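Participant: Got a file for you: target.pdb, PDB, C-alpha atoms.
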ATOM      1  CA  MET A  29     128.220 144.691  99.034
ATOM      2  CA  PHE A  30     127.325 142.364  96.169
ATOM      3  CA  SER A  31     123.781 141.677  95.161
ATOM      4  CA  MET A  32     122.552 138.115  94.596
ATOM      5  CA  MET A  33     122.492 138.646  90.837
ATOM      6  CA  THR A  34     126.143 139.724  90.855
ATOM      7  CA  VAL A  35     127.267 136.715  92.846
ATOM      8  CA  ALA A  36     125.318 134.212  90.736
ATOM      9  CA  ALA A  37     126.103 135.769  87.349
ATOM     10  CA  GLY A  38     129.152 133.618  86.547
ATOM     11  CA  ASP A  39     129.496 131.743  83.282
ATOM     12  CA  ALA A  40     128.226 128.178  83.706
ATOM     13  CA  GLY A  41     130.483 126.815  80.969
ATOM     14  CA  THR A  42     133.799 127.812  82.525
ATOM     15  CA  SER A  43     135.428 126.260  85.513
ATOM     16  CA  GLY A  44     135.176 128.328  88.634
ATOM     17  CA  GLY A  45     132.039 130.193  87.519
ATOM     18  CA  SER A  46     128.833 129.783  89.433
ATOM     19  CA  GLN A  47     125.499 128.971  87.843
ATOM     20  CA  PRO A  48     122.491 131.206  88.390
ATOM     21  CA  LEU A  49     119.849 129.780  90.704
ATOM     22  CA  VAL A  50     117.232 129.648  87.933
ATOM     23  CA  ASN A  51     118.372 129.009  84.383
ATOM     24  CA  LYS A  52     116.467 128.211  81.204
ATOM     25  CA  VAL A  53     116.465 124.437  81.734
ATOM     26  CA  CYS A  54     115.192 124.804  85.307
ATOM     27  CA  LEU A  55     112.462 127.191  84.173
ATOM     28  CA  TYR A  56     111.319 124.939  81.301
ATOM     29  CA  THR A  57     111.332 121.862  83.528
ATOM     30  CA  PHE A  58     109.318 123.646  86.218
ATOM     31  CA  VAL A  59     106.760 125.036  83.748
ATOM     32  CA  ALA A  60     106.356 121.655  82.039
ATOM     33  CA  SER A  61     105.908 119.992  85.448
ATOM     34  CA  LEU A  62     103.271 122.534  86.424
ATOM     35  CA  ILE A  63     101.416 121.983  83.157
ATOM     36  CA  GLY A  64     101.490 118.255  83.886
ATOM     37  CA  VAL A  65     100.114 118.814  87.390
ATOM     38  CA  VAL A  66      97.286 121.065  86.165
ATOM     39  CA  VAL A  67      96.334 118.638  83.377
ATOM     40  CA  ALA A  68      96.459 115.785  85.883
ATOM     41  CA  MET A  69      94.249 117.720  88.293
ATOM     42  CA  PHE A  70      91.562 118.186  85.640
ATOM     43  CA  LEU A  71      91.762 114.546  84.586
ATOM     44  CA  ILE A  72      91.676 113.231  88.155
ATOM     45  CA  SER A  73      88.623 115.363  88.982
ATOM     46  CA  SER A  74      86.453 113.028  86.884
ATOM     47  CA  ALA A  75      87.767 110.105  88.998
ATOM     48  CA  THR A  76      87.714 107.333  86.430
ATOM     49  CA  VAL A  77      90.573 104.854  86.408
ATOM     50  CA  VAL A  78      91.536 105.658  82.822
ATOM     51  CA  ASN A  79      91.735 109.389  83.550
ATOM     52  CA  VAL A  80      93.837 108.842  86.663
ATOM     53  CA  VAL A  81      96.309 106.666  84.733
ATOM     54  CA  ILE A  82      96.502 109.232  81.903
ATOM     55  CA  ALA A  83      97.024 111.981  84.482
ATOM     56  CA  LEU A  84      99.919 110.113  86.078
ATOM     57  CA  LEU A  85     101.450 109.418  82.665
ATOM     58  CA  VAL A  86     101.278 113.111  81.706
ATOM     59  CA  MET A  87     102.642 114.216  85.059
ATOM     60  CA  GLY A  88     105.580 111.840  84.719
ATOM     61  CA  ALA A  89     106.477 112.620  81.108
ATOM     62  CA  LEU A  90     106.394 116.419  81.055
ATOM     63  CA  PRO A  91     109.307 117.181  83.427
ATOM     64  CA  ALA A  92     111.721 115.157  81.294
ATOM     65  CA  LEU A  93     110.371 116.746  78.114
ATOM     66  CA  GLY A  94     110.707 120.201  79.677
ATOM     67  CA  ARG A  95     114.360 119.486  80.444
ATOM     68  CA  ALA A  96     114.969 118.304  76.882
ATOM     69  CA  LEU A  97     113.232 121.394  75.515
ATOM     70  CA  GLY A  98     115.337 123.649  77.727
ATOM     71  CA  ASN A  99     118.505 121.933  76.510
ATOM     72  CA  GLY A 100     117.343 122.302  72.911
ATOM     73  CA  ASN A 101     117.476 118.577  72.140
ATOM     74  CA  ILE A 102     114.087 116.878  72.259
ATOM     75  CA  GLY A 103     115.549 113.587  70.962
ATOM     76  CA  ASP A 104     117.475 113.032  74.196
ATOM     77  CA  GLY A 105     114.285 113.474  76.233
ATOM     78  CA  ILE A 106     112.111 110.816  74.609
ATOM     79  CA  LEU A 107     113.373 107.784  76.559
ATOM     80  CA  PRO A 108     113.448 109.593  79.950
ATOM     81  CA  ALA A 109     109.933 110.927  79.254
ATOM     82  CA  ILE A 110     108.588 107.460  78.467
ATOM     83  CA  LEU A 111     110.251 105.928  81.519
ATOM     84  CA  GLY A 112     109.181 108.907  83.642
ATOM     85  CA  ALA A 113     105.575 108.352  82.588
ATOM     86  CA  VAL A 114     105.824 104.658  83.439
ATOM     87  CA  GLY A 115     107.537 105.411  86.748
ATOM     88  CA  SER A 116     104.875 107.941  87.662
ATOM     89  CA  ALA A 117     102.042 105.552  86.859
ATOM     90  CA  LEU A 118     103.519 102.683  88.909
ATOM     91  CA  GLY A 119     102.486 103.901  92.331
ATOM     92  CA  LEU A 120     100.929 106.515  94.502
ATOM     93  CA  LEU A 121     102.379 109.970  95.144
ATOM     94  CA  VAL A 122     105.513 109.291  97.190
ATOM     95  CA  LEU A 123     106.202 105.879  95.674
ATOM     96  CA  SER A 124     105.699 107.064  92.096
ATOM     97  CA  SER A 125     108.048 110.003  92.542
ATOM     98  CA  LEU A 126     110.736 107.628  93.788
ATOM     99  CA  PHE A 127     110.214 105.340  90.774
ATOM    100  CA  TRP A 128     110.222 108.407  88.556
ATOM    101  CA  SER A 129     113.514 109.695  89.885
ATOM    102  CA  LEU A 130     115.129 106.259  89.603
ATOM    103  CA  LEU A 131     114.037 105.683  85.997
ATOM    104  CA  VAL A 132     114.646 109.212  84.716
ATOM    105  CA  GLY A 133     117.923 109.566  86.583
ATOM    106  CA  ALA A 134     119.198 106.331  85.073
ATOM    107  CA  THR A 135     118.360 107.311  81.486
ATOM    108  CA  ALA A 136     118.775 111.098  81.278
ATOM    109  CA  LYS A 137     122.210 112.294  80.233
ATOM    110  CA  GLY A 138     123.871 114.864  82.445
ATOM    111  CA  VAL A 139     121.542 114.474  85.425
ATOM    112  CA  ALA A 140     123.133 113.769  88.788
ATOM    113  CA  PHE A 141     121.296 110.606  89.807
ATOM    114  CA  GLY A 142     121.814 110.993  93.557
ATOM    115  CA  ARG A 143     120.740 114.628  93.562
ATOM    116  CA  LEU A 144     117.593 113.782  91.603
ATOM    117  CA  VAL A 145     116.602 111.072  94.066
ATOM    118  CA  LEU A 146     117.432 113.305  97.043
ATOM    119  CA  PHE A 147     115.495 116.299  95.739
ATOM    120  CA  SER A 148     112.558 114.116  94.693
ATOM    121  CA  ILE A 149     112.297 112.601  98.158
ATOM    122  CA  ALA A 150     112.674 116.033  99.766
ATOM    123  CA  GLY A 151     109.950 117.431  97.486
ATOM    124  CA  CYS A 152     107.644 114.553  98.413
ATOM    125  CA  ILE A 153     108.205 115.052 102.119
ATOM    126  CA  VAL A 154     107.757 118.833 102.055
ATOM    127  CA  GLY A 155     104.753 118.548  99.726
ATOM    128  CA  SER A 156     103.143 115.901 101.926
ATOM    129  CA  LEU A 157     103.692 118.020 105.039
ATOM    130  CA  LEU A 158     102.071 121.006 103.339
ATOM    131  CA  VAL A 159      99.137 118.812 102.288
ATOM    132  CA  LEU A 160      98.691 117.668 105.889
ATOM    133  CA  VAL A 161      98.742 121.277 107.067
ATOM    134  CA  LEU A 162      96.208 122.161 104.372
ATOM    135  CA  ALA A 163      93.987 119.171 105.232
ATOM    136  CA  SER A 164      93.183 120.512 108.674
ATOM    137  CA  PRO A 165      91.340 123.691 107.652
ATOM    138  CA  LEU A 166      89.988 122.324 104.356
ATOM    139  CA  GLY A 167      89.169 118.763 105.392
ATOM    140  CA  GLN A 168      85.402 119.229 105.221
ATOM    141  CA  ASP A 169      85.432 120.681 101.708
ATOM    142  CA  PRO A 170      85.072 117.904  99.096
ATOM    143  CA  ASN A 171      87.317 119.779  96.652
ATOM    144  CA  TRP A 172      90.329 119.955  98.965
ATOM    145  CA  LEU A 173      91.917 116.875  97.380
ATOM    146  CA  GLN A 174      92.400 118.732  94.092
ATOM    147  CA  THR A 175      93.971 121.650  95.925
ATOM    148  CA  ALA A 176      96.175 119.263  97.880
ATOM    149  CA  PHE A 177      97.250 117.482  94.696
ATOM    150  CA  VAL A 178      98.187 120.767  93.029
ATOM    151  CA  LEU A 179     100.103 121.903  96.116
ATOM    152  CA  TRP A 180     101.980 118.603  96.307
ATOM    153  CA  GLY A 181     102.693 118.678  92.583
ATOM    154  CA  VAL A 182     104.017 122.242  92.686
ATOM    155  CA  VAL A 183     106.414 121.424  95.525
ATOM    156  CA  TRP A 184     107.546 118.193  93.861
ATOM    157  CA  SER A 185     108.010 119.825  90.459
ATOM    158  CA  ALA A 186     110.038 122.644  91.987
ATOM    159  CA  ALA A 187     112.175 120.078  93.776
ATOM    160  CA  ILE A 188     112.905 118.028  90.651
ATOM    161  CA  ALA A 189     113.425 121.017  88.365
ATOM    162  CA  PHE A 190     116.453 122.198  90.328
ATOM    163  CA  PRO A 191     118.699 119.095  90.076
ATOM    164  CA  MET A 192     117.625 118.381  86.481
ATOM    165  CA  SER A 193     119.075 121.728  85.415
ATOM    166  CA  ARG A 194     122.527 121.155  86.963
TER     167      ARG A 194
END
Show this structure as structure tokens.
Facilitator:
Amino acid sequence: MFSMMTVAAGDAGTSGGSQPLVNKVCLYTFVASLIGVVVAMFLISSATVVNVVIALLVMGALPALGRALGNGNIGDGILPAILGAVGSALGLLVLSSLFWSLLVGATAKGVAFGRLVLFSIAGCIVGSLLVLVLASPLGQDPNWLQTAFVLWGVVWSAAIAFPMSR
């Protein structure tokens, strides 16, 4: 019987080898996305328009920069990070993640555009469902929106980190 590590331990550069579920690019993208969500949460807590826009810009730029850092080439991540920040700031949660995936997927090299859009939409749906489940017991607490935002951001960042690393 093979363990999961044995099955997924193929060489990603050769044909026929399988990639591990979590590689360096996926890990860097996920960590950068989480940092963006936490920074955005602290900026949104003051609830001024400028802070909310800055929070959305940071949350949109860091996943693309995390991917570029994981690949070892920051220069290729500048344009997707700028467009990701703009795409994130264009709308609200679900709409901005769709804009983000369209703009970053169109400009980032080596990212499967369809997979990025699919995983972004799936992350938005699952994150929104978890927020709705969380809203029921925590609806009377005024701080539940920050918790809901972090939960949504974690699910979305995990969803976009996976296709960006393939």
Participant: Could you write out as a VMD selection string the residues that the PyMOL selection byres ((chain A and resi 116) around 9) matches in the shown file?
Facilitator: chain A and resid 84 to 89 111 to 115 117 to 121 123 to 128
Participant: Can you tell me, as a ChimeraX atom specification, what residues are no more than 6 Å from range 70-73 of chain A when counting only C-alpha atoms, ignoring any on the same chain fewer than 5 positions away?
Facilitator: /A:79-80,83
Participant: Using the file's own x, y and z axes, so that the box edges lie along x, y and z, what centre and edge lengths in Å (one decimal) does a box around every listed atom of range 80-92 of chain A get when 8 Å is added on each side? Give it as JSON.
Facilitator:
{"center_x": 102.8, "center_y": 111.9, "center_z": 83.9, "size_x": 33.9, "size_y": 26.5, "size_z": 21.6}
Participant: Go through range 57-147 of chain A residue by residue and, counting all atoms listed in the file, keep those with an atom at most 10 Å from range 179-193 of chain A; for each kept residue give the shortest atom pair and its distance in Å to one decimal, ordered by chain and increasing number, as CSV.
Facilitator:
residue,atom,partner,partner_atom,distance
A:Thr57,CA,A:Ala189,CA,5.3
A:Phe58,CA,A:Ala189,CA,5.3
A:Val59,CA,A:Ser185,CA,8.6
A:Ala60,CA,A:Ser185,CA,8.8
A:Ser61,CA,A:Ser185,CA,5.4
A:Leu62,CA,A:Val182,CA,6.3
A:Ile63,CA,A:Val182,CA,9.9
A:Gly64,CA,A:Gly181,CA,8.8
A:Val65,CA,A:Gly181,CA,5.8
A:Val66,CA,A:Gly181,CA,8.7
A:Ala68,CA,A:Gly181,CA,9.6
A:Met69,CA,A:Gly181,CA,9.5
A:Met87,CA,A:Gly181,CA,8.7
A:Pro91,CA,A:Ala189,CA,7.5
A:Ala92,CA,A:Met192,CA,8.5
A:Gly94,CA,A:Ala189,CA,9.1
A:Arg95,CA,A:Met192,CA,7.0
A:Ala96,CA,A:Met192,CA,10.0
A:Gly98,CA,A:Ser193,CA,8.8
A:Asn99,CA,A:Ser193,CA,8.9
A:Leu121,CA,A:Trp180,CA,8.7
A:Val122,CA,A:Trp184,CA,9.7
A:Ser125,CA,A:Trp184,CA,8.3
A:Ser129,CA,A:Ile188,CA,8.4
A:Val132,CA,A:Met192,CA,9.8
A:Gly133,CA,A:Met192,CA,8.8
A:Ala136,CA,A:Met192,CA,9.0
A:Lys137,CA,A:Met192,CA,9.9
A:Gly138,CA,A:Met192,CA,8.2
A:Val139,CA,A:Met192,CA,5.6
A:Ala140,CA,A:Pro191,CA,7.0
A:Phe141,CA,A:Pro191,CA,8.9
A:Gly142,CA,A:Pro191,CA,9.4
A:Arg143,CA,A:Pro191,CA,6.0
A:Leu144,CA,A:Pro191,CA,5.6
A:Val145,CA,A:Ile188,CA,8.6
A:Leu146,CA,A:Ile188,CA,9.1
A:Phe147,CA,A:Ala187,CA,5.4
Participant: Nearest to Phe177 in chain A among A:Val67, A:Ala150, A:Ile110, A:Ile82, with distances taken over all atoms listed in the file: which residue is it?
Facilitator: A:Val67
Participant: As an exercise, work out the distance from CA of Gln174 in chain A to CA of Val161 in chain A in Å and give it to one decimal place.
Facilitator: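 Separation of CA of Gln174 in chain A and CA of Val161 in chain A: 14.7 Å.
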Participant: Calculate how many Å separate CA of Gly151 in chain A from CA of Leu93 in chain A, rounding to one decimal.
Facilitator: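 Taking CA of Gly151 in chain A as the start and CA of Leu93 in chain A as the end point, the length is 19.4 Å.
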Participant: Taking into account only C-alpha atoms, which residue in the set A:Ala176, A:Ala134, A:Asn171, A:Val53 is nearest to Ser74 in chain A?
Facilitator: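 So, comparing all the options, the nearest one is A:Asn171.
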Participant: Which of these, A:Leu90, A:Ser156, A:Leu107, A:Leu97, has the shortest distance to Val178 in chain A once you count all atoms listed in the file?
Facilitator: A:Ser156
Participant: Report, in Å to a single decimal, how far apart CA of Ala163 in chain A and CA of Val78 in chain A are.
Facilitator: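 Taking CA of Val78 in chain A as the start and CA of Ala163 in chain A as the end point, the length is 26.3 Å.
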Participant: If I only have part of range 85-111 of chain A, can you fill in N, CA, C and O atoms and write it as a PDB file, in the coordinates of the input?
Facilitator:
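Okay, part-v8.pdb is ready:
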ATOM      1  N   LEU A  85     100.535 109.505  83.796  1.00  0.00           N
ATOM      2  CA  LEU A  85     101.450 109.418  82.665  1.00  0.00           C
ATOM      3  C   LEU A  85     101.894 110.805  82.204  1.00  0.00           C
ATOM      4  O   LEU A  85     103.075 111.035  81.942  1.00  0.00           O
ATOM      5  N   VAL A  86     100.949 111.738  82.118  1.00  0.00           N
ATOM      6  CA  VAL A  86     101.278 113.111  81.706  1.00  0.00           C
ATOM      7  C   VAL A  86     102.176 113.779  82.736  1.00  0.00           C
ATOM      8  O   VAL A  86     103.169 114.422  82.389  1.00  0.00           O
ATOM      9  N   MET A  87     101.852 113.597  83.997  1.00  0.00           N
ATOM     10  CA  MET A  87     102.642 114.216  85.059  1.00  0.00           C
ATOM     11  C   MET A  87     104.060 113.661  85.102  1.00  0.00           C
ATOM     12  O   MET A  87     104.999 114.372  85.447  1.00  0.00           O
ATOM     13  N   GLY A  88     104.249 112.423  84.725  1.00  0.00           N
ATOM     14  CA  GLY A  88     105.580 111.840  84.719  1.00  0.00           C
ATOM     15  C   GLY A  88     106.406 112.174  83.492  1.00  0.00           C
ATOM     16  O   GLY A  88     107.628 112.258  83.557  1.00  0.00           O
ATOM     17  N   ALA A  89     105.751 112.389  82.352  1.00  0.00           N
ATOM     18  CA  ALA A  89     106.477 112.620  81.108  1.00  0.00           C
ATOM     19  C   ALA A  89     106.911 114.067  80.930  1.00  0.00           C
ATOM     20  O   ALA A  89     107.982 114.332  80.381  1.00  0.00           O
ATOM     21  N   LEU A  90     106.108 115.010  81.365  1.00  0.00           N
ATOM     22  CA  LEU A  90     106.394 116.419  81.055  1.00  0.00           C
ATOM     23  C   LEU A  90     107.650 116.992  81.702  1.00  0.00           C
ATOM     24  O   LEU A  90     108.308 117.821  81.071  1.00  0.00           O
ATOM     25  N   PRO A  91     108.049 116.622  82.915  1.00  0.00           N
ATOM     26  CA  PRO A  91     109.307 117.181  83.427  1.00  0.00           C
ATOM     27  C   PRO A  91     110.529 116.802  82.588  1.00  0.00           C
ATOM     28  O   PRO A  91     111.392 117.646  82.334  1.00  0.00           O
ATOM     29  N   ALA A  92     110.588 115.564  82.126  1.00  0.00           N
ATOM     30  CA  ALA A  92     111.721 115.157  81.294  1.00  0.00           C
ATOM     31  C   ALA A  92     111.679 115.841  79.934  1.00  0.00           C
ATOM     32  O   ALA A  92     112.719 116.223  79.388  1.00  0.00           O
ATOM     33  N   LEU A  93     110.477 116.026  79.383  1.00  0.00           N
ATOM     34  CA  LEU A  93     110.371 116.746  78.114  1.00  0.00           C
ATOM     35  C   LEU A  93     110.706 118.223  78.278  1.00  0.00           C
ATOM     36  O   LEU A  93     111.292 118.827  77.384  1.00  0.00           O
ATOM     37  N   GLY A  94     110.344 118.803  79.413  1.00  0.00           N
ATOM     38  CA  GLY A  94     110.707 120.201  79.677  1.00  0.00           C
ATOM     39  C   GLY A  94     112.211 120.378  79.770  1.00  0.00           C
ATOM     40  O   GLY A  94     112.758 121.375  79.288  1.00  0.00           O
ATOM     41  N   ARG A  95     112.896 119.424  80.370  1.00  0.00           N
ATOM     42  CA  ARG A  95     114.360 119.486  80.444  1.00  0.00           C
ATOM     43  C   ARG A  95     114.972 119.382  79.062  1.00  0.00           C
ATOM     44  O   ARG A  95     115.893 120.112  78.707  1.00  0.00           O
ATOM     45  N   ALA A  96     114.445 118.459  78.240  1.00  0.00           N
ATOM     46  CA  ALA A  96     114.969 118.304  76.882  1.00  0.00           C
ATOM     47  C   ALA A  96     114.696 119.553  76.046  1.00  0.00           C
ATOM     48  O   ALA A  96     115.543 119.978  75.260  1.00  0.00           O
ATOM     49  N   LEU A  97     113.548 120.167  76.233  1.00  0.00           N
ATOM     50  CA  LEU A  97     113.232 121.394  75.515  1.00  0.00           C
ATOM     51  C   LEU A  97     114.140 122.540  75.950  1.00  0.00           C
ATOM     52  O   LEU A  97     114.603 123.323  75.126  1.00  0.00           O
ATOM     53  N   GLY A  98     114.429 122.618  77.225  1.00  0.00           N
ATOM     54  CA  GLY A  98     115.337 123.649  77.727  1.00  0.00           C
ATOM     55  C   GLY A  98     116.757 123.467  77.228  1.00  0.00           C
ATOM     56  O   GLY A  98     117.472 124.437  76.994  1.00  0.00           O
ATOM     57  N   ASN A  99     117.178 122.216  77.053  1.00  0.00           N
ATOM     58  CA  ASN A  99     118.505 121.933  76.510  1.00  0.00           C
ATOM     59  C   ASN A  99     118.553 122.109  75.007  1.00  0.00           C
ATOM     60  O   ASN A  99     119.628 122.178  74.431  1.00  0.00           O
ATOM     61  N   GLY A 100     117.395 122.145  74.353  1.00  0.00           N
ATOM     62  CA  GLY A 100     117.343 122.302  72.911  1.00  0.00           C
ATOM     63  C   GLY A 100     117.493 121.003  72.143  1.00  0.00           C
ATOM     64  O   GLY A 100     117.743 121.027  70.945  1.00  0.00           O
ATOM     65  N   ASN A 101     117.342 119.865  72.800  1.00  0.00           N
ATOM     66  CA  ASN A 101     117.476 118.577  72.140  1.00  0.00           C
ATOM     67  C   ASN A 101     116.361 117.657  72.602  1.00  0.00           C
ATOM     68  O   ASN A 101     116.497 116.940  73.591  1.00  0.00           O
ATOM     69  N   ILE A 102     115.250 117.678  71.879  1.00  0.00           N
ATOM     70  CA  ILE A 102     114.087 116.878  72.259  1.00  0.00           C
ATOM     71  C   ILE A 102     114.389 115.380  72.124  1.00  0.00           C
ATOM     72  O   ILE A 102     113.871 114.573  72.868  1.00  0.00           O
ATOM     73  N   GLY A 103     115.250 114.999  71.185  1.00  0.00           N
ATOM     74  CA  GLY A 103     115.549 113.587  70.962  1.00  0.00           C
ATOM     75  C   GLY A 103     116.122 112.899  72.187  1.00  0.00           C
ATOM     76  O   GLY A 103     115.875 111.714  72.420  1.00  0.00           O
ATOM     77  N   ASP A 104     116.916 113.629  72.983  1.00  0.00           N
ATOM     78  CA  ASP A 104     117.475 113.032  74.196  1.00  0.00           C
ATOM     79  C   ASP A 104     116.444 112.887  75.310  1.00  0.00           C
ATOM     80  O   ASP A 104     116.698 112.198  76.291  1.00  0.00           O
ATOM     81  N   GLY A 105     115.283 113.520  75.177  1.00  0.00           N
ATOM     82  CA  GLY A 105     114.285 113.474  76.233  1.00  0.00           C
ATOM     83  C   GLY A 105     113.185 112.466  76.022  1.00  0.00           C
ATOM     84  O   GLY A 105     112.318 112.315  76.883  1.00  0.00           O
ATOM     85  N   ILE A 106     113.198 111.746  74.895  1.00  0.00           N
ATOM     86  CA  ILE A 106     112.111 110.816  74.609  1.00  0.00           C
ATOM     87  C   ILE A 106     112.143 109.608  75.553  1.00  0.00           C
ATOM     88  O   ILE A 106     111.139 109.284  76.180  1.00  0.00           O
ATOM     89  N   LEU A 107     113.284 108.954  75.680  1.00  0.00           N
ATOM     90  CA  LEU A 107     113.373 107.784  76.559  1.00  0.00           C
ATOM     91  C   LEU A 107     113.149 108.151  78.031  1.00  0.00           C
ATOM     92  O   LEU A 107     112.373 107.468  78.719  1.00  0.00           O
ATOM     93  N   PRO A 108     113.773 109.226  78.568  1.00  0.00           N
ATOM     94  CA  PRO A 108     113.448 109.593  79.950  1.00  0.00           C
ATOM     95  C   PRO A 108     111.986 109.972  80.146  1.00  0.00           C
ATOM     96  O   PRO A 108     111.411 109.700  81.196  1.00  0.00           O
ATOM     97  N   ALA A 109     111.351 110.572  79.126  1.00  0.00           N
ATOM     98  CA  ALA A 109     109.933 110.927  79.254  1.00  0.00           C
ATOM     99  C   ALA A 109     109.057 109.682  79.299  1.00  0.00           C
ATOM    100  O   ALA A 109     108.119 109.604  80.102  1.00  0.00           O
ATOM    101  N   ILE A 110     109.368 108.707  78.468  1.00  0.00           N
ATOM    102  CA  ILE A 110     108.588 107.460  78.467  1.00  0.00           C
ATOM    103  C   ILE A 110     108.771 106.727  79.795  1.00  0.00           C
ATOM    104  O   ILE A 110     107.797 106.294  80.421  1.00  0.00           O
ATOM    105  N   LEU A 111     110.011 106.605  80.244  1.00  0.00           N
ATOM    106  CA  LEU A 111     110.251 105.928  81.519  1.00  0.00           C
ATOM    107  C   LEU A 111     109.736 106.740  82.703  1.00  0.00           C
ATOM    108  O   LEU A 111     109.308 106.169  83.709  1.00  0.00           O
TER     109      LEU A 111
END
